[in-house]
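Undergrad: Below you'll find model.pdb; it's PDB, C-alpha atoms, pLDDT in the B column.
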```
ATOM      1  CA  GLN A  16      -9.880   3.511   2.847  1.00 82.00           C
ATOM      2  CA  VAL A  17      -7.629   0.631   1.768  1.00 90.00           C
ATOM      3  CA  GLN A  18      -4.973   0.712  -0.916  1.00 93.00           C
ATOM      4  CA  LEU A  19      -4.117  -2.568  -2.632  1.00 96.00           C
ATOM      5  CA  VAL A  20      -1.094  -3.367  -4.786  1.00 96.00           C
ATOM      6  CA  GLU A  21      -0.751  -6.709  -6.534  1.00 97.00           C
ATOM      7  CA  SER A  22       2.448  -8.368  -7.685  1.00 97.00           C
ATOM      8  CA  GLY A  23       3.668 -11.746  -8.879  1.00 97.00           C
ATOM      9  CA  GLY A  24       1.941 -12.132 -12.213  1.00 96.00           C
ATOM     10  CA  GLY A  25       3.747 -13.258 -15.325  1.00 97.00           C
ATOM     11  CA  LEU A  26       3.997 -15.667 -18.228  1.00 98.00           C
ATOM     12  CA  VAL A  27       4.188 -19.360 -17.373  1.00 98.00           C
ATOM     13  CA  GLN A  28       3.502 -22.671 -19.056  1.00 98.00           C
ATOM     14  CA  THR A  29       0.676 -25.097 -18.453  1.00 98.00           C
ATOM     15  CA  GLY A  30       1.247 -26.965 -15.215  1.00 98.00           C
ATOM     16  CA  ASP A  31       3.483 -24.323 -13.680  1.00 98.00           C
ATOM     17  CA  SER A  32       2.885 -22.422 -10.455  1.00 98.00           C
ATOM     18  CA  LEU A  33       2.699 -18.755  -9.544  1.00 98.00           C
ATOM     19  CA  ARG A  34       2.161 -16.919  -6.292  1.00 98.00           C
ATOM     20  CA  LEU A  35       0.382 -13.593  -6.351  1.00 98.00           C
ATOM     21  CA  SER A  36       0.806 -11.139  -3.514  1.00 98.00           C
ATOM     22  CA  CYS A  37      -1.343  -8.208  -2.484  1.00 97.00           C
ATOM     23  CA  ALA A  38       0.047  -5.564  -0.177  1.00 95.00           C
ATOM     24  CA  ALA A  39      -2.659  -3.684   1.681  1.00 93.00           C
ATOM     25  CA  SER A  40      -2.272  -0.347   3.398  1.00 89.00           C
ATOM     26  CA  GLY A  41      -4.630   1.912   5.212  1.00 79.00           C
ATOM     27  CA  ARG A  42      -6.680   1.862   8.352  1.00 67.00           C
ATOM     28  CA  THR A  43      -7.320  -1.552   9.861  1.00 69.00           C
ATOM     29  CA  SER A  44      -6.744  -3.424   6.600  1.00 68.00           C
ATOM     30  CA  SER A  45      -6.533  -6.659   8.583  1.00 75.00           C
ATOM     31  CA  ALA A  46     -10.203  -6.249   9.525  1.00 85.00           C
ATOM     32  CA  TYR A  47     -11.361  -6.594   5.930  1.00 91.00           C
ATOM     33  CA  ASP A  48     -12.373  -9.687   4.069  1.00 95.00           C
ATOM     34  CA  MET A  49     -10.004 -10.101   1.112  1.00 95.00           C
ATOM     35  CA  GLY A  50     -10.289 -11.800  -2.218  1.00 96.00           C
ATOM     36  CA  TRP A  51      -9.014 -12.302  -5.709  1.00 98.00           C
ATOM     37  CA  PHE A  52     -11.055 -11.679  -8.814  1.00 98.00           C
ATOM     38  CA  ARG A  53      -9.965 -12.257 -12.382  1.00 98.00           C
ATOM     39  CA  GLN A  54     -11.127 -10.903 -15.693  1.00 98.00           C
ATOM     40  CA  VAL A  55     -10.520 -11.641 -19.342  1.00 97.00           C
ATOM     41  CA  PRO A  56     -11.435  -9.194 -22.114  1.00 93.00           C
ATOM     42  CA  GLY A  57     -15.095  -9.326 -22.997  1.00 94.00           C
ATOM     43  CA  LYS A  58     -16.102 -11.240 -19.870  1.00 95.00           C
ATOM     44  CA  GLN A  59     -17.305 -10.261 -16.439  1.00 95.00           C
ATOM     45  CA  ARG A  60     -14.965 -10.201 -13.521  1.00 96.00           C
ATOM     46  CA  GLU A  61     -15.260 -13.426 -11.529  1.00 97.00           C
ATOM     47  CA  LEU A  62     -14.387 -14.234  -7.948  1.00 96.00           C
ATOM     48  CA  VAL A  63     -11.583 -16.765  -7.754  1.00 98.00           C
ATOM     49  CA  ALA A  64     -10.976 -17.054  -4.021  1.00 98.00           C
ATOM     50  CA  ALA A  65     -11.760 -15.179  -0.844  1.00 97.00           C
ATOM     51  CA  ILE A  66     -10.598 -15.167   2.745  1.00 97.00           C
ATOM     52  CA  THR A  67     -12.453 -13.540   5.596  1.00 95.00           C
ATOM     53  CA  SER A  68     -10.879 -11.483   8.330  1.00 92.00           C
ATOM     54  CA  GLY A  69     -11.183 -14.594  10.482  1.00 92.00           C
ATOM     55  CA  GLY A  70      -9.404 -16.822   7.975  1.00 94.00           C
ATOM     56  CA  SER A  71     -12.300 -18.731   6.402  1.00 96.00           C
ATOM     57  CA  THR A  72     -11.763 -19.406   2.700  1.00 97.00           C
ATOM     58  CA  THR A  73     -13.916 -19.984  -0.355  1.00 97.00           C
ATOM     59  CA  TYR A  74     -13.002 -20.877  -3.939  1.00 98.00           C
ATOM     60  CA  ARG A  75     -14.719 -21.069  -7.278  1.00 97.00           C
ATOM     61  CA  ASN A  76     -15.112 -24.676  -8.364  1.00 98.00           C
ATOM     62  CA  SER A  77     -12.691 -24.490 -11.261  1.00 97.00           C
ATOM     63  CA  VAL A  78      -9.726 -23.652  -8.988  1.00 98.00           C
ATOM     64  CA  LYS A  79     -10.492 -25.867  -5.986  1.00 98.00           C
ATOM     65  CA  GLY A  80      -7.537 -28.102  -5.199  1.00 97.00           C
ATOM     66  CA  ARG A  81      -5.182 -25.976  -7.313  1.00 98.00           C
ATOM     67  CA  PHE A  82      -5.328 -22.486  -5.755  1.00 98.00           C
ATOM     68  CA  THR A  83      -4.821 -21.497  -2.143  1.00 98.00           C
ATOM     69  CA  VAL A  84      -5.608 -18.094  -0.661  1.00 98.00           C
ATOM     70  CA  SER A  85      -3.928 -17.018   2.561  1.00 97.00           C
ATOM     71  CA  ARG A  86      -3.194 -13.881   4.500  1.00 95.00           C
ATOM     72  CA  ASP A  87      -0.496 -12.578   6.799  1.00 94.00           C
ATOM     73  CA  ASN A  88      -2.165  -9.914   8.904  1.00 90.00           C
ATOM     74  CA  ALA A  89       1.116  -8.908  10.528  1.00 90.00           C
ATOM     75  CA  LYS A  90       2.405  -7.932   7.094  1.00 91.00           C
ATOM     76  CA  ASN A  91      -0.958  -6.767   5.697  1.00 92.00           C
ATOM     77  CA  THR A  92      -0.493  -9.108   2.774  1.00 95.00           C
ATOM     78  CA  VAL A  93      -2.755 -11.576   1.017  1.00 96.00           C
ATOM     79  CA  PHE A  94      -1.483 -14.348  -1.214  1.00 98.00           C
ATOM     80  CA  LEU A  95      -2.880 -16.513  -3.954  1.00 98.00           C
ATOM     81  CA  GLN A  96      -0.837 -19.641  -4.573  1.00 98.00           C
ATOM     82  CA  MET A  97      -1.727 -21.024  -7.985  1.00 98.00           C
ATOM     83  CA  ASN A  98      -0.597 -24.520  -8.911  1.00 98.00           C
ATOM     84  CA  SER A  99      -1.216 -26.706 -11.956  1.00 98.00           C
ATOM     85  CA  LEU A 100      -2.055 -23.651 -14.014  1.00 98.00           C
ATOM     86  CA  LYS A 101      -4.183 -24.058 -17.110  1.00 98.00           C
ATOM     87  CA  SER A 102      -4.589 -21.868 -20.161  1.00 97.00           C
ATOM     88  CA  GLU A 103      -8.085 -20.947 -18.957  1.00 96.00           C
ATOM     89  CA  ASP A 104      -6.527 -19.341 -15.883  1.00 98.00           C
ATOM     90  CA  THR A 105      -5.125 -16.620 -18.123  1.00 98.00           C
ATOM     91  CA  ALA A 106      -6.571 -13.308 -16.951  1.00 98.00           C
ATOM     92  CA  VAL A 107      -5.870 -10.099 -15.110  1.00 98.00           C
ATOM     93  CA  TYR A 108      -6.049 -10.866 -11.405  1.00 98.00           C
ATOM     94  CA  TYR A 109      -7.320  -8.220  -9.010  1.00 98.00           C
ATOM     95  CA  CYS A 110      -6.960  -8.110  -5.258  1.00 97.00           C
ATOM     96  CA  VAL A 111     -10.079  -6.845  -3.488  1.00 97.00           C
ATOM     97  CA  ALA A 112     -11.088  -5.924   0.032  1.00 95.00           C
ATOM     98  CA  GLY A 113     -14.442  -5.472   1.675  1.00 94.00           C
ATOM     99  CA  ALA A 114     -16.936  -7.023   4.047  1.00 91.00           C
ATOM    100  CA  ARG A 115     -19.875  -9.449   3.953  1.00 86.00           C
ATOM    101  CA  GLY A 116     -19.357 -10.325   0.312  1.00 84.00           C
ATOM    102  CA  VAL A 117     -19.181  -6.752  -0.925  1.00 92.00           C
ATOM    103  CA  TYR A 118     -15.734  -5.730  -2.100  1.00 94.00           C
ATOM    104  CA  ASN A 119     -15.424  -1.971  -2.253  1.00 92.00           C
ATOM    105  CA  PHE A 120     -11.711  -1.742  -2.859  1.00 94.00           C
ATOM    106  CA  SER A 121      -9.636  -3.129  -5.698  1.00 96.00           C
ATOM    107  CA  GLY A 122      -6.052  -3.023  -6.851  1.00 97.00           C
ATOM    108  CA  GLN A 123      -4.885  -2.253 -10.368  1.00 97.00           C
ATOM    109  CA  GLY A 124      -4.477  -5.886 -11.320  1.00 97.00           C
ATOM    110  CA  THR A 125      -1.642  -8.153 -12.407  1.00 98.00           C
ATOM    111  CA  GLN A 126      -1.560 -10.135 -15.642  1.00 98.00           C
ATOM    112  CA  VAL A 127      -1.273 -13.909 -15.520  1.00 98.00           C
ATOM    113  CA  THR A 128      -0.702 -15.638 -18.835  1.00 98.00           C
ATOM    114  CA  VAL A 129      -0.549 -19.416 -19.079  1.00 98.00           C
ATOM    115  CA  SER A 130       0.879 -20.670 -22.328  1.00 96.00           C
ATOM    116  CA  SER A 131       0.208 -24.146 -23.640  1.00 88.00           C
TER     117      SER A 131
END
```
Take the structure from the file and write it as structure tokens.

TA:
Amino acid sequence: QVQLVESGGGLVQTGDSLRLSCAASGRTSSAYDMGWFRQVPGKQRELVAAITSGGSTTYRNSVKGRFTVSRDNAKNTVFLQMNSLKSEDTAVYYCVAGARGVYNFSGQGTQVTVSS
């Protein structure tokens, strides 16, 4: 079992940056693949970025070059650095954990609002 708590969301303007953090606790949390999903009302949750337990990363096309996912296993924390934010990045962002592309654990989410 892994518990995930996100922080760092907020209201920013177009072009600004934000860094989301996800504190993980529980057995061997560093062994899990981690990721960030986002969701807007009326739409499906979508994977934004993921990082494996070994450090390999993937991103959805719309955030490549702007977002960076990283992890600090010593602190059981995963980060999502978001630069050059756009209004379409507005969503609730969820930290997830799992393995082999299946994310069984999710945090409660943090709201990111980008105002133009």

Undergrad: Can you translate the PyMOL selection byres ((chain A and resi 100-107) around 8) into the concrete residues it hits in this file, as a ChimeraX atom specification?

TA: /A:28-32,53-55,81,97-99,108-109,124-131

Undergrad: In Å, how far is it from atom CA of A:Leu62 to atom CA of A:Val84?

TA: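 One can read the atom CA of A:Leu62 to atom CA of A:Val84 distance as 12.0 Å.
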
Undergrad: Need the shell around A:Thr92: protein/DNA/RNA residues with any atom at most 10 Å away, counting only C-alpha atoms. Skip same-chain ones fewer than 3 positions apart. Format as a PDB file with C-alpha atoms, keeping the file's coordinate frame?

TA:
```
ATOM      1  CA  LEU A  19      -4.117  -2.568  -2.632  1.00 96.00           C
ATOM      2  CA  VAL A  20      -1.094  -3.367  -4.786  1.00 96.00           C
ATOM      3  CA  GLU A  21      -0.751  -6.709  -6.534  1.00 97.00           C
ATOM      4  CA  SER A  36       0.806 -11.139  -3.514  1.00 98.00           C
ATOM      5  CA  CYS A  37      -1.343  -8.208  -2.484  1.00 97.00           C
ATOM      6  CA  ALA A  38       0.047  -5.564  -0.177  1.00 95.00           C
ATOM      7  CA  ALA A  39      -2.659  -3.684   1.681  1.00 93.00           C
ATOM      8  CA  SER A  40      -2.272  -0.347   3.398  1.00 89.00           C
ATOM      9  CA  SER A  44      -6.744  -3.424   6.600  1.00 68.00           C
ATOM     10  CA  SER A  45      -6.533  -6.659   8.583  1.00 75.00           C
ATOM     11  CA  MET A  49     -10.004 -10.101   1.112  1.00 95.00           C
ATOM     12  CA  SER A  85      -3.928 -17.018   2.561  1.00 97.00           C
ATOM     13  CA  ARG A  86      -3.194 -13.881   4.500  1.00 95.00           C
ATOM     14  CA  ASP A  87      -0.496 -12.578   6.799  1.00 94.00           C
ATOM     15  CA  ASN A  88      -2.165  -9.914   8.904  1.00 90.00           C
ATOM     16  CA  ALA A  89       1.116  -8.908  10.528  1.00 90.00           C
TER      17      ALA A  89
END
```

Undergrad: Go through A:Gly80, A:Gly41, A:Gly24, A:Gly50 and flag the residue nearest A:Gly116, using all atoms listed in the file for the distances.

TA: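 Using all atoms listed in the file, A:Gly116 sits closest to A:Gly50.
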
Undergrad: Kindly list the centre and edge lengths in Å, rounded to one decimal, for the axis-aligned box that covers all listed atoms of stretch 26-39 of chain A plus 3 Å on each of its six sides, as lines of an AutoDock Vina configuration file.

TA:
```
center_x = 0.8
center_y = -15.3
center_z = -8.7
size_x = 12.8
size_y = 29.3
size_z = 26.7
```

Undergrad: On this structure, the PyMOL selection byres ((chain A and resi 74) around 8) would catch which residues? List them as a ChimeraX atom specification, sorted by chain and number.

TA: /A:62-65,72-73,75-76,78-79

Undergrad: What does the distance from atom CA of A:Glu61 to atom CA of A:Gln18 come to in Å, to one decimal?

TA: 20.5 Å

Undergrad: Would you mind telling me which residue in A:Tyr47, A:Leu33, A:Ser22, A:Arg60 lies nearest to A:Val117 when using only C-alpha atoms?

TA: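 Closest candidate: A:Tyr47.
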
Undergrad: Mind pulling up the distance from atom CA of A:Gly122 to atom CA of A:Ser71?

TA: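 Separation of atom CA of A:Ser71 and atom CA of A:Gly122: 21.5 Å.
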
Undergrad: What residues have an atom no more than 10 Å from (-16.9, -5.2, 4.8) in the file's own frame, counting only C-alpha atoms, and can you write them as a list in words?

TA: Ala46, Tyr47, Asp48, Met49, Thr67, Ser68, Ala112, Gly113, Ala114, Arg115, Gly116, Val117, Tyr118, Asn119 and Phe120 of chain A

Undergrad: Closest to A:Val17 among A:Leu35, A:Ile66, A:Val93, A:Val111, using only C-alpha atoms?

TA: A:Val111
